[in-house]
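Asker: So that we are looking at the same thing, I have put the structure below in C-alpha cells.
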Amino acid sequence: MTNLMTVLRNLIFYSVILFVAIQVLARFFDFASKKLIKVGGGKKKLLIAGVGVFALVLPLLLAGEPYILRTSVMVLLYIVLALSLNIVLGQAGQLSLGHSAFYALGAYTMAILTVSFGVNFWIALVAGGVVAGIFGFVLGIPTLRLKGDYLAIVTVGFGEILRLILINWGTFTRGPAGIPGIPSPSFFGMAVKGNTGYYYIILVMVIVTIIISKRLEDSRLGRGLAAVKDDEIAAESMGVNPANMKILAFVLGAVIAGFAGGFFASFVHYVNPDNFTYMESVTILTMVVLGGLGSIPGVIVGAVILAILPEALRDISTYRYAIYGILLAMMMIIRPQGMISLDSLKRRSAADENPRSIWNFKSFRRSNGR
C-alpha cells in the first residue's frame, strides 16, 4: 500500500509539472511563431542559413562531449521518424500505431545484408527503404476500408506480428539474441567512424525528409491527402482517389522509416527485437501529437523534446511511459492542436499577407472595443 501511495504521489507531482510545462511552452511557441511569420523574406533566409550553419558546426562545438553528440544523433533520428509518421497521421489522417514495424524492417534489412551477405552500406540502406515501402503498400491495401480505431488495431497487430517473427525466426534473424557486428558505412573509401560522421549522415537525411514533407504539403498530392483527411466522400466527389492517397501515405511514410531503421542499425552496430516494440510506436506518435498534427515545425519540436526528455529523466525512468500517457492525455485536453498548430500558422500567414482579411478585421474590432 505504501508503494502504491508513493507511485500515485509521484504521478500527481509529475502531472502538475507537465501541466505547467505545456502551458509555458505553448505560450512560448505561440509568441515565437507569431514573430517568425512577420519576418521578411530576406531575414527569413538569413535565419534559415544561421540554423544551417549552427547544425553544421555543432559536432565541432561538441568535440569534447561525445555523450551529447550521440544524443544529438538520436534526436535527429527521431525527427526523421516523427516526420515519416506525420505523413501518415498528420497529412493523411490515418492513425497508425505500428510505425516501429517499418523502422524494424529497415534496420533488419541493413543488418542481414551487411553482416550475412557483405552488401555495401548505401545499397543496404536503399534496400531497407524499399523493403519497408513494400510492406507499407501491403499494409495499406487491406486498410483502405478502415479508419479510426479499427485502422489503429490493424497496425498494432501488424507491428506485433512482425516483432514475433523477428523473435522466433532464429535461423534468419538470430531471434532474441539479435544481430551484432553491423559494419560502419564508408564514403569514398573512408570508413565513417565515431559520432561525427553519423551526425552528418543523419543531418542530410533530416534535410531531405523536411524537403520531401514540405514539397508534398504544397503539392497537388498534399492537397489531396488533406482532402482525404478532412472528408473522404467530399474528396472523392472532387475527383480525388482516397485509396491512392492512403496507399501513397503509407508507402512514403514506410520508406522514410525504413531509411531511419537502416541508419539506426549501422549507428548502434546491433539490432534486437526489443528495439522495435509497441512502445516505440507510441513514443513516435507522442512526438507527432505533442508538436502538432500536420505541422512540420511542430513535429520537429515534438521530436526534439521527447528525444531529450528520456535522457533528462533517467533517474525516474520507471515512470517514463506513464509520463508519456499523462502527456498525451493533457495535450488532448489542454492543447489538442499541438505546440505549433498548422492551421494557426496558415491563418496568421494569410492575415499578414492580406491586411484586409477577416482575421485582422476581428483584431481591429477587439482593439477598438467593438
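In the C-alpha cells, chains take the letters A, B, ... in the order shown, each chain's residues start at 1, and ligands count up from 1 in the order shown.
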Which residues come within 8 Å of region 57-71 of chain A, counting only C-alpha atoms, excluding same-chain residues fewer than 3 positions away, as a list in words?
Answerer: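 Selected residues are Val53, Phe54, Met74, Val75, Asn195, Thr196, Tyr199 and Ile308 of chain A.
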Asker: Can you write out the residues you just picked, keeping all heavy atoms, as a short mmCIF file (atom, residue, chain, number, x, y, z; two decimals), in the first residue's frame?
Answerer:
data_model
loop_
_atom_site.label_atom_id
_atom_site.label_comp_id
_atom_site.auth_asym_id
_atom_site.auth_seq_id
_atom_site.Cartn_x
_atom_site.Cartn_y
_atom_site.Cartn_z
N VAL A 53 24.05 26.72 -40.50
CA VAL A 53 25.45 26.83 -40.10
C VAL A 53 25.66 26.25 -38.71
O VAL A 53 26.63 25.53 -38.44
CB VAL A 53 25.91 28.30 -40.16
CG1 VAL A 53 27.29 28.45 -39.52
CG2 VAL A 53 25.94 28.79 -41.60
N PHE A 54 24.71 26.55 -37.81
CA PHE A 54 24.82 26.01 -36.44
C PHE A 54 24.78 24.49 -36.46
O PHE A 54 25.56 23.83 -35.75
CB PHE A 54 23.67 26.55 -35.58
CG PHE A 54 23.62 25.93 -34.21
CD1 PHE A 54 24.51 26.32 -33.22
CD2 PHE A 54 22.67 24.96 -33.91
CE1 PHE A 54 24.47 25.74 -31.96
CE2 PHE A 54 22.62 24.38 -32.65
CZ PHE A 54 23.52 24.77 -31.67
N MET A 74 20.68 10.88 -32.05
CA MET A 74 19.40 10.23 -31.78
C MET A 74 18.24 11.21 -31.92
O MET A 74 17.15 10.84 -32.38
CB MET A 74 19.40 9.61 -30.38
CG MET A 74 20.37 8.45 -30.20
SD MET A 74 20.10 7.11 -31.40
CE MET A 74 18.42 6.62 -31.02
N VAL A 75 18.45 12.47 -31.55
CA VAL A 75 17.42 13.49 -31.72
C VAL A 75 17.08 13.64 -33.20
O VAL A 75 15.91 13.66 -33.60
CB VAL A 75 17.87 14.83 -31.12
CG1 VAL A 75 16.92 15.96 -31.54
CG2 VAL A 75 17.94 14.76 -29.61
N ASN A 195 30.89 9.43 -33.74
CA ASN A 195 29.57 10.05 -33.81
C ASN A 195 29.50 11.17 -34.83
O ASN A 195 28.43 11.45 -35.37
CB ASN A 195 29.21 10.62 -32.42
CG ASN A 195 29.06 9.53 -31.38
OD1 ASN A 195 28.63 8.42 -31.70
ND2 ASN A 195 29.42 9.82 -30.15
N THR A 196 30.63 11.82 -35.12
CA THR A 196 30.62 12.97 -36.02
C THR A 196 30.17 12.57 -37.43
O THR A 196 29.32 13.23 -38.04
CB THR A 196 32.01 13.63 -36.09
OG1 THR A 196 32.40 14.02 -34.77
CG2 THR A 196 31.98 14.84 -37.00
N TYR A 199 26.58 11.80 -37.47
CA TYR A 199 25.80 13.03 -37.30
C TYR A 199 25.51 13.67 -38.66
O TYR A 199 24.37 14.07 -38.95
CB TYR A 199 26.55 14.01 -36.40
CG TYR A 199 25.89 15.37 -36.29
CD1 TYR A 199 24.92 15.62 -35.32
CD2 TYR A 199 26.21 16.40 -37.17
CE1 TYR A 199 24.31 16.86 -35.23
CE2 TYR A 199 25.61 17.63 -37.09
CZ TYR A 199 24.66 17.86 -36.12
OH TYR A 199 24.04 19.09 -36.04
N ILE A 308 14.96 14.23 -26.09
CA ILE A 308 15.83 14.70 -25.00
C ILE A 308 15.26 14.31 -23.64
O ILE A 308 16.02 14.02 -22.70
CB ILE A 308 16.03 16.22 -25.10
CG1 ILE A 308 16.80 16.57 -26.37
CG2 ILE A 308 16.78 16.76 -23.88
CD1 ILE A 308 16.95 18.06 -26.61
#
Asker: Based on the backbone DSSP call, show me all residues of region 65-286 of chain A assigned helix (DSSP H, G or I), as a PyMOL selection string.
Answerer: chain A and resi 66-91+100-116+121-140+149-168+170-173+175-177+194-218+220-230+232-237+242-268+273-276+278-286
Asker: Show me, as a ChimeraX atom specification, the residues that have an atom within 9 Å of Val130 (chain A) when counting only C-alpha atoms, minus same-chain residues fewer than 2 positions from it.
Answerer: /A:106,125-128,132-135,254-255,258-259
Asker: Provide the CA of Ala177 (chain A) to CA of Asp274 (chain A) distance in Å, to one decimal place.
Answerer: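 Computed distance, CA of Ala177 (chain A) to CA of Asp274 (chain A), equals 10.0 Å.
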Asker: Which residues are close to Leu146 (chain A), i.e. within 12 Å by only C-alpha atoms, leaving aside same-chain residues fewer than 6 positions away? Reply as a VMD selection string.
Answerer: chain A and resid 93 to 96 139 to 140 152 to 155 232 242 to 243 246
Asker: Based on the selection just made, write C-alpha atoms of those residues as a PDB file, in the first residue's frame.
Answerer:
ATOM      1  CA  GLY A  93      -5.231  11.343 -41.170  1.00  0.00           C
ATOM      2  CA  GLN A  94      -4.519   7.581 -40.909  1.00  0.00           C
ATOM      3  CA  LEU A  95      -3.969   6.514 -37.292  1.00  0.00           C
ATOM      4  CA  SER A  96      -1.015   4.112 -37.323  1.00  0.00           C
ATOM      5  CA  LEU A 139      -0.459  -2.997 -45.200  1.00  0.00           C
ATOM      6  CA  GLY A 140      -2.133  -0.103 -46.988  1.00  0.00           C
ATOM      7  CA  ALA A 152      -5.154   1.523 -35.312  1.00  0.00           C
ATOM      8  CA  ILE A 153      -5.879  -2.058 -34.204  1.00  0.00           C
ATOM      9  CA  VAL A 154      -4.742  -3.456 -37.567  1.00  0.00           C
ATOM     10  CA  THR A 155      -1.470  -1.507 -37.469  1.00  0.00           C
ATOM     11  CA  GLU A 232     -13.224  11.205 -47.902  1.00  0.00           C
ATOM     12  CA  PRO A 242      -8.894   8.188 -51.451  1.00  0.00           C
ATOM     13  CA  ALA A 243      -7.458   4.694 -51.959  1.00  0.00           C
ATOM     14  CA  LYS A 246      -3.926   6.377 -48.397  1.00  0.00           C
TER      15      LYS A 246
END
Asker: Would you work out the distance separating CA of Thr286 (chain A) from CA of Leu11 (chain A), expressed in Å to one decimal?
Answerer: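 Between CA of Thr286 (chain A) and CA of Leu11 (chain A) the gap works out to 18.2 Å.
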Asker: So that I can see what lies close to region 21-26 of chain A, please list as a short mmCIF file (atom, residue, chain, number, x, y, z; two decimals) with C-alpha atoms, in the first residue's frame the residues with an atom at most 7 Å from it, counting only C-alpha atoms and leaving out residues fewer than 4 positions away in the same chain.
Answerer:
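Result written to out12.cif:
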data_model
loop_
_atom_site.label_atom_id
_atom_site.label_comp_id
_atom_site.auth_asym_id
_atom_site.auth_seq_id
_atom_site.Cartn_x
_atom_site.Cartn_y
_atom_site.Cartn_z
CA ILE A 17 4.92 19.76 -13.69
CA ASP A 30 2.70 30.96 -29.98
CA MET A 339 2.55 23.04 -29.69
#
Asker: Compile the contact shell of Asn120 (chain A) as number ranges by chain: residues with an atom at most 10 Å away, counting only C-alpha atoms, same-chain residues fewer than 6 positions apart removed.
Answerer: A: 110, 113-114, 183-186
Asker: Would you kindly return, as number ranges by chain, each protein, DNA or RNA residue with an atom no farther than 10 Å from any atom of region 327-333 of chain A, considering only C-alpha atoms and excluding same-chain residues fewer than 3 positions away?
Answerer: A: 14-15, 18-19, 22, 282, 285-287, 289-292, 321-324, 336-339
Asker: Now that the selection is made, can you save its residues with N, CA, C and O atoms as a PDB file, in the first residue's frame?
Answerer:
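Final output, again.pdb:
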ATOM      1  N   TYR A  14       4.334  14.755 -11.109  1.00  0.00           N
ATOM      2  CA  TYR A  14       4.768  14.899 -12.499  1.00  0.00           C
ATOM      3  C   TYR A  14       3.661  15.484 -13.364  1.00  0.00           C
ATOM      4  O   TYR A  14       3.937  16.222 -14.318  1.00  0.00           O
ATOM      5  N   SER A  15       2.408  15.183 -13.032  1.00  0.00           N
ATOM      6  CA  SER A  15       1.294  15.742 -13.795  1.00  0.00           C
ATOM      7  C   SER A  15       1.230  17.254 -13.650  1.00  0.00           C
ATOM      8  O   SER A  15       0.990  17.984 -14.621  1.00  0.00           O
ATOM      9  N   LEU A  18       4.043  18.701 -15.723  1.00  0.00           N
ATOM     10  CA  LEU A  18       3.717  18.648 -17.145  1.00  0.00           C
ATOM     11  C   LEU A  18       2.679  19.703 -17.514  1.00  0.00           C
ATOM     12  O   LEU A  18       2.770  20.331 -18.578  1.00  0.00           O
ATOM     13  N   PHE A  19       1.698  19.901 -16.644  1.00  0.00           N
ATOM     14  CA  PHE A  19       0.667  20.907 -16.914  1.00  0.00           C
ATOM     15  C   PHE A  19       1.286  22.294 -17.045  1.00  0.00           C
ATOM     16  O   PHE A  19       1.007  23.036 -18.001  1.00  0.00           O
ATOM     17  N   ILE A  22       3.493  22.462 -20.273  1.00  0.00           N
ATOM     18  CA  ILE A  22       2.708  22.595 -21.503  1.00  0.00           C
ATOM     19  C   ILE A  22       2.208  24.018 -21.677  1.00  0.00           C
ATOM     20  O   ILE A  22       2.273  24.590 -22.781  1.00  0.00           O
ATOM     21  N   VAL A 282       4.445   4.166 -29.883  1.00  0.00           N
ATOM     22  CA  VAL A 282       3.748   5.148 -29.046  1.00  0.00           C
ATOM     23  C   VAL A 282       4.614   6.392 -28.847  1.00  0.00           C
ATOM     24  O   VAL A 282       4.114   7.524 -28.874  1.00  0.00           O
ATOM     25  N   LEU A 285       4.447   8.398 -31.993  1.00  0.00           N
ATOM     26  CA  LEU A 285       3.124   9.004 -32.068  1.00  0.00           C
ATOM     27  C   LEU A 285       3.025  10.204 -31.130  1.00  0.00           C
ATOM     28  O   LEU A 285       2.479  11.257 -31.501  1.00  0.00           O
ATOM     29  N   THR A 286       3.558  10.065 -29.929  1.00  0.00           N
ATOM     30  CA  THR A 286       3.518  11.160 -28.960  1.00  0.00           C
ATOM     31  C   THR A 286       4.270  12.379 -29.481  1.00  0.00           C
ATOM     32  O   THR A 286       3.856  13.520 -29.250  1.00  0.00           O
ATOM     33  N   MET A 287       5.369  12.157 -30.175  1.00  0.00           N
ATOM     34  CA  MET A 287       6.120  13.279 -30.755  1.00  0.00           C
ATOM     35  C   MET A 287       5.271  14.064 -31.739  1.00  0.00           C
ATOM     36  O   MET A 287       5.278  15.306 -31.734  1.00  0.00           O
ATOM     37  N   VAL A 289       1.888  14.131 -31.966  1.00  0.00           N
ATOM     38  CA  VAL A 289       0.760  14.762 -31.283  1.00  0.00           C
ATOM     39  C   VAL A 289       1.234  15.967 -30.475  1.00  0.00           C
ATOM     40  O   VAL A 289       0.587  17.019 -30.463  1.00  0.00           O
ATOM     41  N   LEU A 290       2.359  15.822 -29.806  1.00  0.00           N
ATOM     42  CA  LEU A 290       2.884  16.924 -28.997  1.00  0.00           C
ATOM     43  C   LEU A 290       3.217  18.132 -29.862  1.00  0.00           C
ATOM     44  O   LEU A 290       2.886  19.270 -29.516  1.00  0.00           O
ATOM     45  N   GLY A 291       3.864  17.894 -30.996  1.00  0.00           N
ATOM     46  CA  GLY A 291       4.260  19.013 -31.843  1.00  0.00           C
ATOM     47  C   GLY A 291       3.098  19.638 -32.583  1.00  0.00           C
ATOM     48  O   GLY A 291       3.030  20.863 -32.727  1.00  0.00           O
ATOM     49  N   GLY A 292       2.166  18.814 -33.064  1.00  0.00           N
ATOM     50  CA  GLY A 292       1.034  19.325 -33.824  1.00  0.00           C
ATOM     51  C   GLY A 292       0.852  18.523 -35.101  1.00  0.00           C
ATOM     52  O   GLY A 292       1.733  18.508 -35.952  1.00  0.00           O
ATOM     53  N   TYR A 321       6.927   5.811 -19.353  1.00  0.00           N
ATOM     54  CA  TYR A 321       5.754   5.624 -20.200  1.00  0.00           C
ATOM     55  C   TYR A 321       4.487   6.131 -19.532  1.00  0.00           C
ATOM     56  O   TYR A 321       3.539   6.525 -20.221  1.00  0.00           O
ATOM     57  N   ALA A 322       4.470   6.126 -18.210  1.00  0.00           N
ATOM     58  CA  ALA A 322       3.341   6.742 -17.507  1.00  0.00           C
ATOM     59  C   ALA A 322       3.313   8.246 -17.789  1.00  0.00           C
ATOM     60  O   ALA A 322       2.250   8.833 -18.010  1.00  0.00           O
ATOM     61  N   ILE A 323       4.498   8.862 -17.824  1.00  0.00           N
ATOM     62  CA  ILE A 323       4.593  10.287 -18.132  1.00  0.00           C
ATOM     63  C   ILE A 323       4.146  10.549 -19.569  1.00  0.00           C
ATOM     64  O   ILE A 323       3.452  11.534 -19.848  1.00  0.00           O
ATOM     65  N   TYR A 324       4.514   9.656 -20.499  1.00  0.00           N
ATOM     66  CA  TYR A 324       4.064   9.806 -21.885  1.00  0.00           C
ATOM     67  C   TYR A 324       2.535   9.756 -21.956  1.00  0.00           C
ATOM     68  O   TYR A 324       1.905  10.530 -22.689  1.00  0.00           O
ATOM     69  N   PRO A 336      -5.144  20.484 -27.949  1.00  0.00           N
ATOM     70  CA  PRO A 336      -5.284  19.406 -28.931  1.00  0.00           C
ATOM     71  C   PRO A 336      -4.632  19.705 -30.277  1.00  0.00           C
ATOM     72  O   PRO A 336      -4.340  18.787 -31.034  1.00  0.00           O
ATOM     73  N   GLN A 337      -4.421  20.981 -30.593  1.00  0.00           N
ATOM     74  CA  GLN A 337      -3.794  21.335 -31.861  1.00  0.00           C
ATOM     75  C   GLN A 337      -2.285  21.158 -31.845  1.00  0.00           C
ATOM     76  O   GLN A 337      -1.632  21.306 -32.879  1.00  0.00           O
ATOM     77  N   GLY A 338      -1.687  20.835 -30.697  1.00  0.00           N
ATOM     78  CA  GLY A 338      -0.240  20.666 -30.600  1.00  0.00           C
ATOM     79  C   GLY A 338       0.467  21.964 -30.256  1.00  0.00           C
ATOM     80  O   GLY A 338      -0.148  23.027 -30.179  1.00  0.00           O
ATOM     81  N   MET A 339       1.776  21.856 -30.067  1.00  0.00           N
ATOM     82  CA  MET A 339       2.548  23.035 -29.689  1.00  0.00           C
ATOM     83  C   MET A 339       2.565  24.092 -30.796  1.00  0.00           C
ATOM     84  O   MET A 339       2.470  25.283 -30.548  1.00  0.00           O
TER      85      MET A 339
END
Asker: Could you pull out the strand (DSSP E or B) residues of region 71-205 of chain A from DSSP and send them as an mmCIF file with C-alpha atoms, in the first residue's frame?
Answerer:
data_model
loop_
_atom_site.group_PDB
_atom_site.id
_atom_site.type_symbol
_atom_site.label_atom_id
_atom_site.label_comp_id
_atom_site.auth_asym_id
_atom_site.auth_seq_id
_atom_site.Cartn_x
_atom_site.Cartn_y
_atom_site.Cartn_z
ATOM 1 C CA ILE A 179 22.368 -9.367 -34.960
ATOM 2 C CA PRO A 180 25.660 -7.845 -33.792
ATOM 3 C CA SER A 186 32.250 4.116 -45.908
ATOM 4 C CA PHE A 187 32.370 7.237 -48.034
ATOM 5 C CA MET A 190 36.954 6.126 -45.978
ATOM 6 C CA ALA A 191 35.117 4.397 -43.128
#
Asker: Measure the distance from CA of Leu293 (chain A) to CA of Asn86 (chain A) in Å and round it to one decimal.
Answerer: 6.7 Å
